[in-house]
Each structure stands twice: as C-alpha cells, then as structure tokens.
$ cat work.cif   # mmCIF, C-alpha atoms and all ligand atoms
data_protein
loop_
_atom_site.label_atom_id
_atom_site.label_comp_id
_atom_site.auth_asym_id
_atom_site.auth_seq_id
_atom_site.Cartn_x
_atom_site.Cartn_y
_atom_site.Cartn_z
CA MET A 1 110.42 96.56 62.60
CA ARG A 2 111.10 98.08 59.21
CA THR A 3 112.24 101.62 58.41
CA ILE A 4 110.82 103.13 55.23
CA ALA A 5 111.96 106.40 53.68
CA HIS A 6 108.95 107.82 51.83
CA LEU A 7 109.71 110.65 49.46
CA SER A 8 107.63 112.20 46.76
CA ASP A 9 107.29 114.95 44.17
CA LEU A 10 110.95 115.52 43.38
CA HIS A 11 110.10 117.49 40.23
CA PHE A 12 113.58 117.38 38.71
CA GLY A 13 113.80 120.41 36.45
CA ARG A 14 112.28 122.60 39.09
CA HIS A 15 114.23 121.37 42.07
CA ASP A 16 116.86 122.73 44.40
CA GLU A 17 120.25 121.06 43.96
CA THR A 18 121.47 121.72 47.50
CA THR A 19 118.26 120.28 48.97
CA ALA A 20 118.74 117.18 46.80
CA GLU A 21 122.28 116.69 48.08
CA ARG A 22 121.18 117.10 51.70
CA LEU A 23 118.31 114.72 51.15
CA LEU A 24 120.61 112.00 49.85
CA ALA A 25 122.87 112.42 52.86
CA ASP A 26 119.93 112.37 55.28
CA ILE A 27 118.34 109.24 53.82
CA SER A 28 121.69 107.47 53.72
CA GLY A 29 122.13 108.28 57.40
CA ALA A 30 118.69 106.87 58.23
CA GLN A 31 119.64 103.50 56.69
CA PRO A 32 116.10 102.59 55.62
CA ASP A 33 115.13 99.03 54.81
CA LEU A 34 113.18 100.39 51.85
CA THR A 35 112.95 103.71 50.01
CA VAL A 36 109.66 104.53 48.31
CA ILE A 37 109.15 107.36 45.82
CA THR A 38 105.50 108.19 45.18
CA GLY A 39 105.71 109.95 41.85
CA ASP A 40 106.31 113.26 40.08
CA LEU A 41 110.00 112.55 39.66
CA THR A 42 110.20 115.23 36.97
CA GLN A 43 108.66 118.59 36.27
CA ARG A 44 107.86 118.15 32.57
CA ALA A 45 108.96 114.60 31.72
CA ARG A 46 111.89 115.87 29.64
CA HIS A 47 114.85 113.61 28.87
CA ARG A 48 117.33 115.69 30.84
CA GLN A 49 114.96 115.81 33.82
CA PHE A 50 114.59 112.03 33.80
CA ALA A 51 118.36 111.67 33.46
CA ALA A 52 118.84 113.83 36.58
CA ALA A 53 116.19 111.81 38.45
CA ARG A 54 117.90 108.60 37.40
CA ALA A 55 121.28 109.83 38.68
CA PHE A 56 119.63 110.75 41.99
CA LEU A 57 117.95 107.35 42.32
CA GLU A 58 121.24 105.58 41.79
CA LYS A 59 122.64 107.30 44.87
CA LEU A 60 119.76 106.26 47.13
CA PRO A 61 120.10 103.29 49.47
CA ARG A 62 118.63 100.10 47.96
CA PRO A 63 116.06 98.74 47.58
CA VAL A 64 114.10 101.56 45.93
CA VAL A 65 110.50 101.30 44.77
CA ALA A 66 109.23 104.10 42.51
CA ILE A 67 105.96 104.87 40.78
CA PRO A 68 105.20 107.69 38.31
CA GLY A 69 103.10 110.79 38.85
CA ASN A 70 101.13 112.99 36.50
CA HIS A 71 104.17 115.19 35.85
CA ASP A 72 106.05 112.19 34.47
CA VAL A 73 103.77 112.12 31.42
CA PRO A 74 104.96 114.41 28.60
CA LEU A 75 102.67 117.38 28.09
CA TYR A 76 103.67 118.60 24.64
CA ASP A 77 105.11 115.60 22.83
CA ILE A 78 101.96 114.33 21.14
CA VAL A 79 103.55 111.15 19.79
CA GLU A 80 104.97 110.07 23.12
CA ARG A 81 101.89 111.13 24.92
CA PHE A 82 99.61 108.86 22.96
CA LEU A 83 101.88 106.07 21.76
CA GLY A 84 104.04 105.67 24.79
CA ARG A 85 102.65 107.72 27.60
CA LEU A 86 105.28 106.66 30.11
CA ALA A 87 108.01 105.63 27.66
CA ARG A 88 110.55 107.99 29.17
CA TYR A 89 109.72 106.98 32.72
CA ARG A 90 110.15 103.33 31.74
CA ARG A 91 113.44 104.04 29.98
CA TYR A 92 115.07 106.12 32.71
CA ILE A 93 113.44 105.02 35.97
CA SER A 94 111.84 101.58 35.71
CA ALA A 95 110.00 99.46 33.19
CA GLU A 96 107.86 98.16 36.05
CA LEU A 97 104.73 100.27 36.54
CA GLN A 98 103.27 97.98 39.19
CA PRO A 99 106.28 97.35 41.44
CA PHE A 100 106.03 94.91 44.31
CA PHE A 101 108.38 94.50 47.24
CA THR A 102 108.21 92.06 50.08
CA ASP A 103 110.38 90.67 52.84
CA ASP A 104 109.62 88.77 56.06
CA GLU A 105 107.67 91.66 57.60
CA ILE A 106 106.18 93.93 54.95
CA ALA A 107 104.63 93.71 51.48
CA LEU A 108 104.31 96.84 49.37
CA LEU A 109 102.50 97.25 46.05
CA GLY A 110 102.91 100.36 43.91
CA LEU A 111 100.29 101.45 41.38
CA ASN A 112 100.56 103.90 38.51
CA THR A 113 97.68 106.39 38.53
CA ALA A 114 99.22 108.86 36.05
CA ARG A 115 96.98 108.95 33.02
CA SER A 116 98.01 112.18 31.28
CA ALA A 117 99.60 115.46 32.17
CA THR A 118 96.31 117.27 31.72
CA PHE A 119 94.31 114.74 33.77
CA ALA A 120 95.97 115.84 36.96
CA ASN A 121 93.96 113.84 39.47
CA GLY A 122 94.77 110.47 37.94
CA ARG A 123 92.65 107.35 38.03
CA ILE A 124 92.61 103.76 39.27
CA SER A 125 91.63 101.20 36.65
CA HIS A 126 89.40 98.20 37.23
CA ARG A 127 92.40 96.02 36.37
CA GLN A 128 94.47 97.70 39.09
CA SER A 129 91.69 97.25 41.61
CA ALA A 130 91.65 93.54 40.79
CA ALA A 131 95.46 93.42 40.99
CA ILE A 132 95.38 94.77 44.55
CA LYS A 133 93.29 91.80 45.63
CA THR A 134 95.25 89.24 43.61
CA VAL A 135 98.73 90.38 44.63
CA PHE A 136 97.98 90.61 48.33
CA SER A 137 96.06 87.32 48.36
CA GLU A 138 99.40 85.62 47.73
CA VAL A 139 101.14 87.39 50.62
CA PRO A 140 101.49 85.28 53.78
CA ALA A 141 99.17 86.23 56.62
CA GLY A 142 100.67 88.54 59.19
CA ARG A 143 102.82 90.47 56.76
CA PHE A 144 102.17 94.22 56.97
CA ARG A 145 100.50 95.34 53.72
CA ILE A 146 101.22 98.72 52.16
CA LEU A 147 99.97 100.45 49.00
CA ALA A 148 102.02 103.20 47.32
CA ILE A 149 100.17 105.51 44.95
CA HIS A 150 100.90 109.02 43.65
CA HIS A 151 97.39 110.43 43.85
CA PRO A 152 95.76 110.29 47.30
CA LEU A 153 92.81 107.96 47.84
CA VAL A 154 91.50 110.31 50.48
CA VAL A 155 92.36 113.96 50.91
CA PRO A 156 91.92 116.14 53.94
CA VAL A 157 89.54 119.05 53.57
CA ALA A 158 92.43 121.43 54.15
CA ALA A 159 94.37 120.11 51.16
CA ASN A 160 91.75 121.56 48.80
CA SER A 161 92.17 118.85 46.16
CA ALA A 162 90.24 115.87 44.84
CA PRO A 163 90.99 112.19 45.45
CA VAL A 164 92.12 109.95 42.61
CA GLY A 165 89.46 108.83 40.13
CA ARG A 166 87.61 105.68 41.23
CA ALA A 167 89.03 106.07 44.74
CA ALA A 168 86.04 104.19 46.14
CA LEU A 169 86.92 101.16 44.02
CA ALA A 170 90.48 101.17 45.33
CA LEU A 171 89.34 101.67 48.92
CA GLU A 172 87.11 98.64 48.66
CA ALA A 173 89.99 96.61 47.19
CA ILE A 174 92.57 97.58 49.79
CA THR A 175 90.09 96.97 52.61
CA GLU A 176 89.48 93.47 51.31
CA ALA A 177 93.23 92.94 50.76
CA GLY A 178 94.04 93.88 54.35
CA VAL A 179 96.16 96.91 53.44
CA ARG A 180 96.95 98.88 56.58
CA LEU A 181 98.99 101.78 55.23
CA VAL A 182 98.76 103.90 52.07
CA LEU A 183 101.63 106.15 50.99
CA SER A 184 100.85 109.02 48.62
CA GLY A 185 102.15 112.33 47.32
CA HIS A 186 100.84 114.87 44.79
CA SER A 187 99.47 117.44 47.26
CA HIS A 188 102.95 118.65 48.30
CA ARG A 189 101.76 118.56 51.88
CA ALA A 190 103.01 116.28 54.64
CA LEU A 191 99.99 114.82 56.42
CA SER A 192 99.09 111.62 58.19
CA GLY A 193 96.44 110.12 60.40
CA ASP A 194 93.28 112.01 61.05
CA PRO A 195 93.71 115.76 61.33
CA ALA A 196 90.49 117.53 62.21
CA GLY A 197 88.08 117.80 59.32
CA SER A 198 89.63 115.07 57.22
CA ASP A 199 89.26 111.37 56.66
CA LEU A 200 92.83 110.11 56.82
CA LEU A 201 91.85 106.98 58.71
CA ALA A 202 89.50 105.15 56.34
CA LYS A 203 87.10 103.03 58.41
CA GLY A 204 89.69 103.35 61.15
CA SER A 205 91.68 100.46 59.74
CA ILE A 206 93.74 102.12 57.00
CA LEU A 207 96.30 104.78 57.78
CA PHE A 208 96.98 107.36 55.07
CA VAL A 209 100.33 109.10 54.87
CA HIS A 210 101.00 111.91 52.40
CA ALA A 211 104.55 113.10 51.77
CA GLY A 212 105.45 116.71 51.07
CA THR A 213 107.64 117.64 48.14
CA ALA A 214 111.17 116.43 48.82
CA ILE A 215 113.24 118.86 46.75
CA SER A 216 110.91 120.85 44.49
CA THR A 217 110.72 124.62 44.66
CA ARG A 218 106.95 124.28 44.10
CA LEU A 219 106.16 124.64 47.78
CA ARG A 220 102.61 124.95 49.07
CA GLY A 221 103.04 126.72 52.34
CA GLU A 222 105.42 124.27 53.99
CA PRO A 223 109.10 123.38 53.65
CA ASN A 224 110.58 120.51 51.64
CA SER A 225 110.25 117.25 53.53
CA TYR A 226 110.11 113.48 53.38
CA ASN A 227 108.69 110.88 55.76
CA LEU A 228 110.61 108.39 57.81
CA LEU A 229 108.29 105.56 58.85
CA ARG A 230 108.93 102.84 61.38
CA VAL A 231 106.55 99.99 60.71
CA GLU A 232 105.78 97.25 63.22
CA PRO A 233 103.01 94.64 63.02
CA ALA A 234 100.57 96.82 64.97
CA ALA A 235 102.24 100.22 65.11
CA VAL A 236 103.49 102.93 62.78
CA THR A 237 105.58 105.93 63.68
CA CYS A 238 105.67 108.65 61.05
CA THR A 239 108.35 111.31 61.36
CA VAL A 240 108.37 114.23 58.96
CA ARG A 241 111.96 115.20 58.18
CA ALA A 242 111.75 118.82 57.00
CA PHE A 243 114.40 120.98 55.36
CA ALA A 244 115.24 123.90 57.63
CA GLY A 245 118.35 126.01 57.47
CA ASN A 246 120.70 123.78 55.58
CA ASN A 247 119.64 120.31 56.67
CA PHE A 248 116.75 117.93 57.13
CA SER A 249 115.65 117.48 60.74
CA ASN A 250 112.66 116.14 62.65
CA ALA A 251 109.59 118.36 62.34
CA GLU A 252 106.60 116.30 63.45
CA THR A 253 106.28 112.76 64.75
CA ALA A 254 102.99 110.90 64.98
CA HIS A 255 102.59 107.49 66.63
CA TYR A 256 99.80 105.17 65.57
CA THR A 257 98.76 101.91 67.20
CA LEU A 258 96.44 99.29 65.77
CA LEU A 259 93.99 98.35 68.50
CA GLY A 260 91.16 95.94 67.72
CA GLY A 261 91.68 96.46 64.00
CA ARG A 262 91.55 100.27 64.23
CA TRP A 263 94.32 102.80 64.16
CA THR A 264 94.55 105.21 67.03
CA ARG A 265 96.99 108.04 67.43
CA ARG A 266 98.93 107.38 70.59
CA GLN A 267 99.74 110.98 71.31
CA PRO A 268 99.28 114.33 69.61
CA VAL A 269 101.75 115.50 67.03
CA SER A 270 104.77 116.77 68.89
CA LEU A 271 107.79 118.81 68.02
CA GLU A 272 111.06 117.00 68.50
CA LYS A 273 114.65 117.99 68.30
CA SER A 274 116.60 115.88 65.82
FE FE B 301 103.84 117.09 42.40
FE FE B 302 101.26 115.14 41.02
#

$ encode --input "work.cif" --output "structure tokens"
Amino acid sequence: MRTIAHLSDLHFGRHDETTAERLLADISGAQPDLTVITGDLTQRARHRQFAAARAFLEKLPRPVVAIPGNHDVPLYDIVERFLGRLARYRRYISAELQPFFTDDEIALLGLNTARSATFANGRISHRQSAAIKTVFSEVPAGRFRILAIHHPLVVPVAANSAPVGRAALALEAITEAGVRLVLSGHSHRALSGDPAGSDLLAKGSILFVHAGTAISTRLRGEPNSYNLLRVEPAAVTCTVRAFAGNNFSNAETAHYTLLGGRWTRRQPVSLEKS
C-alpha cells in the first residue's frame, strides 16, 4: 500500500499563511510515500510568489512531484509569456515539466497542460498523448498507474467547468496505458468517484480524483482541503482532509474497489471523526 498526499491550487500570493503552516504539519504527520501537487502553485506567477511556493515545497516530506497550472504562466510579462512561458516555474519549482515517479508499487506521470494564463482550460498535446503510452509501456506489469494533471479530463456537471482541451485524446491514451487513477485540480472542489450526474469513473476503469484548493482564499463554496489517498493494487481510499477551525481533519472518505476491471464505490461517502 502507498499513501499519497494530493494537494492542489496553492495560489501563493493569495493564500492564507496560517492554513499553509497547518497544512505542512498535517502532511508531515501523515507521512506520505509521495506528495503530488497538481498545479496553480502561484496566483500570478510573480517571482516573490514562486519564491514563497519554493520555500513551502522545501518543507514538504519527500519525494514531491509537482506540475504547473494555468496561474503559473505570467499574465502581463509579454516577453516571458512568449519566450519562456514557464521560465519562472522551471527556475523556482522544477525544470521537469513531465515528471515521473515510480517505486515497487506505483508509477505516476505528471503532464503540463498550462498553455497560457488566458487559455484557462489548458490543453493536452499530441506529443503528450504519445508520451503517456510510451512512458507507461516501460512500467512493469502490475504496478499501479497514475496520471497527474492540473486540468481535469472529466468534470462533473456540478463543477460547471469544461474539461481540458483534447481530453478525449488523453482518455484514449490513458485507457490504453492502463492508468487507473487520475489526480487533478483547477476546479477548487474536492470530488472523486461518480457523484450523481457526473462521469468521474471513465468507462468504469479509471477513477478521477479532484483536489480542492489547499491554502488559497479563492474558495468556491467549500473549505480548504487536500486529499490523502491510500493506494493498493485493486483498491483506493480517498480521504478529504479539510481545514476547519484551526486544523485539517477528515471530512469525507470514499472507498473504491476494482472488481473485474471496474471501479465500484464500496460504501457511500461517510463523515468520520479524525
Ligand atoms: Fe486554481
Ligand atoms: Fe487552474
């Protein structure tokens, strides 16, 4: 079993400092095997915002895999925007825009879908679609395959947003690559599985997990949160750790089991005491 801390949409520059401190303490206490950040590390891609994000990342338990979001592309700096769209992200966070992590149990590929600050929904490229197939083809059979991407490939009706550009292309690639779990952000809403009226279980074989915003004050009707996932070969437990009062605690936990190649939710979302 592997424990993954999945956080997203930090938006340094428009974040709450106390929430950030509590988040670091909470994740450290969870002792994850891997921490994944699915984009929007900054609010406006400014140097000081990236510097703050960098300082935060350095305090997280290792290993950390991060990918950029649309807010990590400068909006006003025309030179950077066109000559080095993610130059600041690469300088402060990571030069790797297609990070890959693997151990004996899991293999996770991160893709950059941030194209520009004004193209908010992002896009998958044909090259990235091909990379999904190539990278996972070299992963030993039986290893649990995960994709991390800022912009959701599928969005629930309730989220009132559009999926990433060329989502169908990526869905075809991850289906062929045997990806079982997709981690996303962007919507600032914590969702997983198949809530009524959505399609968060693509073909039944791919489980989609969206993280809320971890520390940003740009809340969309729900508190700051991150996801704590426990991943086994044929089961995923997703616990939403939400900020309430002065700490993060368990809000919702959903259990999923892979039966005959299809995910099923073992029991309804339940409230738990932390
Ligand atoms: Fe965001
Ligand atoms: Fe975003």

$ residues_near_ligand --input "work.cif" --ligand "ligand FE 301 (chain B)" --cutoff "7 Å" --atoms "only C-alpha atoms and all ligand atoms" --output "PyMOL selection string"
chain A and resi 9+11+40+71+186-188+213

$ write_last_selection --input "work.cif" --atoms "C-alpha atoms" --output "mmCIF file, in the coordinates of the input"
data_model
loop_
_atom_site.group_PDB
_atom_site.id
_atom_site.type_symbol
_atom_site.label_atom_id
_atom_site.label_comp_id
_atom_site.auth_asym_id
_atom_site.auth_seq_id
_atom_site.Cartn_x
_atom_site.Cartn_y
_atom_site.Cartn_z
ATOM 1 C CA ASP A 9 107.290 114.950 44.170
ATOM 2 C CA HIS A 11 110.100 117.490 40.230
ATOM 3 C CA ASP A 40 106.310 113.260 40.080
ATOM 4 C CA HIS A 71 104.170 115.190 35.850
ATOM 5 C CA HIS A 186 100.840 114.870 44.790
ATOM 6 C CA SER A 187 99.470 117.440 47.260
ATOM 7 C CA HIS A 188 102.950 118.650 48.300
ATOM 8 C CA THR A 213 107.640 117.640 48.140
#

$ residues_near_point --input "work.cif" --point "(111.0, 103.6, 56.9)" --cutoff "7 Å" --atoms "only C-alpha atoms" --output "list of chain:residue names"
A:Arg2, A:Thr3, A:Ile4, A:Ala5, A:His6, A:Pro32, A:Asp33, A:Leu34, A:Leu228, A:Leu229, A:Arg230, A:Val231

$ atom_distance --input "work.cif" --atom1 "CA of Val182 (chain A)" --atom2 "CA of Ile215 (chain A)"
21.5 Å

$ axis_aligned_box --input "work.cif" --around "region 101-108 of chain A" --padding-each-side "4 Å" --output "lines of an AutoDock Vina configuration file"
center_x = 107.3
center_y = 92.8
center_z = 52.4
size_x = 14.1
size_y = 16.1
size_z = 18.4

$ residues_around --input "work.cif" --residues "Arg90 (chain A)" --least-positions-apart "2" --cutoff "12 Å" --atoms "all atoms listed in the file" --output "PyMOL selection string"
chain A and resi 45+47+50-51+54+66-68+72-73+84-88+92-98+112

$ atom_distance --input "work.cif" --atom1 "CA of Ala211 (chain A)" --atom2 "CA of Arg91 (chain A)"
25.2 Å

$ closest_residue --input "work.cif" --among "A:Gly212, A:Pro223, A:Gly178, A:Gly39" --to "ligand FE 302 (chain B)" --atoms "all atoms listed in the file"
A:Gly39

$ residues_near_point --input "work.cif" --point "(102.6, 94.3, 53.4)" --cutoff "9 Å" --atoms "all atoms listed in the file" --output "ChimeraX atom specification"
/A:101-103,105-109,136,139,142-147,178-181

$ closest_residue --input "work.cif" --among "A:Ser198, A:Ser161, A:Asn70, A:Asn247" --to "ligand FE 302 (chain B)" --atoms "only C-alpha atoms and all ligand atoms"
A:Asn70

$ residues_around --input "work.cif" --residues "Ser129 (chain A)" --least-positions-apart "3" --cutoff "10 Å" --atoms "all atoms listed in the file" --output "list of chain:residue names"
A:Leu111, A:Ile124, A:Ser125, A:His126, A:Ile132, A:Lys133, A:Thr134, A:Arg166, A:Ala167, A:Leu169, A:Ala170, A:Leu171, A:Glu172, A:Ala173, A:Ile174

$ residues_around --input "work.cif" --residues "Arg265 (chain A)" --least-positions-apart "6" --cutoff "7 Å" --atoms "only C-alpha atoms" --output "list in words"
His255, Tyr256 and Thr257 of chain A

$ write_last_selection --input "work.cif" --atoms "C-alpha atoms" --output "tab-separated table (two decimals), in the coordinates of the input"
chain	number	residue	atom	x	y	z
A	255	HIS	CA	102.59	107.49	66.63
A	256	TYR	CA	99.80	105.17	65.57
A	257	THR	CA	98.76	101.91	67.20

$ closest_residue --input "work.cif" --among "A:Gly261, A:Pro99, A:Pro163, A:Gly185" --to "ligand FE 302 (chain B)" --atoms "only C-alpha atoms and all ligand atoms"
A:Gly185

$ closest_residue --input "work.cif" --among "A:Val236, A:Leu10, A:Ala202, A:Ala131" --to "ligand FE 302 (chain B)" --atoms "all atoms listed in the file"
A:Leu10

$ closest_residue --input "work.cif" --among "A:Leu201, A:Ala120, A:Ala244, A:Ala162" --to "ligand FE 302 (chain B)" --atoms "all atoms listed in the file"
A:Ala120

$ atom_distance --input "work.cif" --atom1 "CA of Val36 (chain A)" --atom2 "CA of Ile206 (chain A)"
18.3 Å

$ closest_residue --input "work.cif" --among "A:Ala25, A:Val65, A:Leu191, A:Ala214" --to "Thr42 (chain A)" --atoms "only C-alpha atoms"
A:Ala214
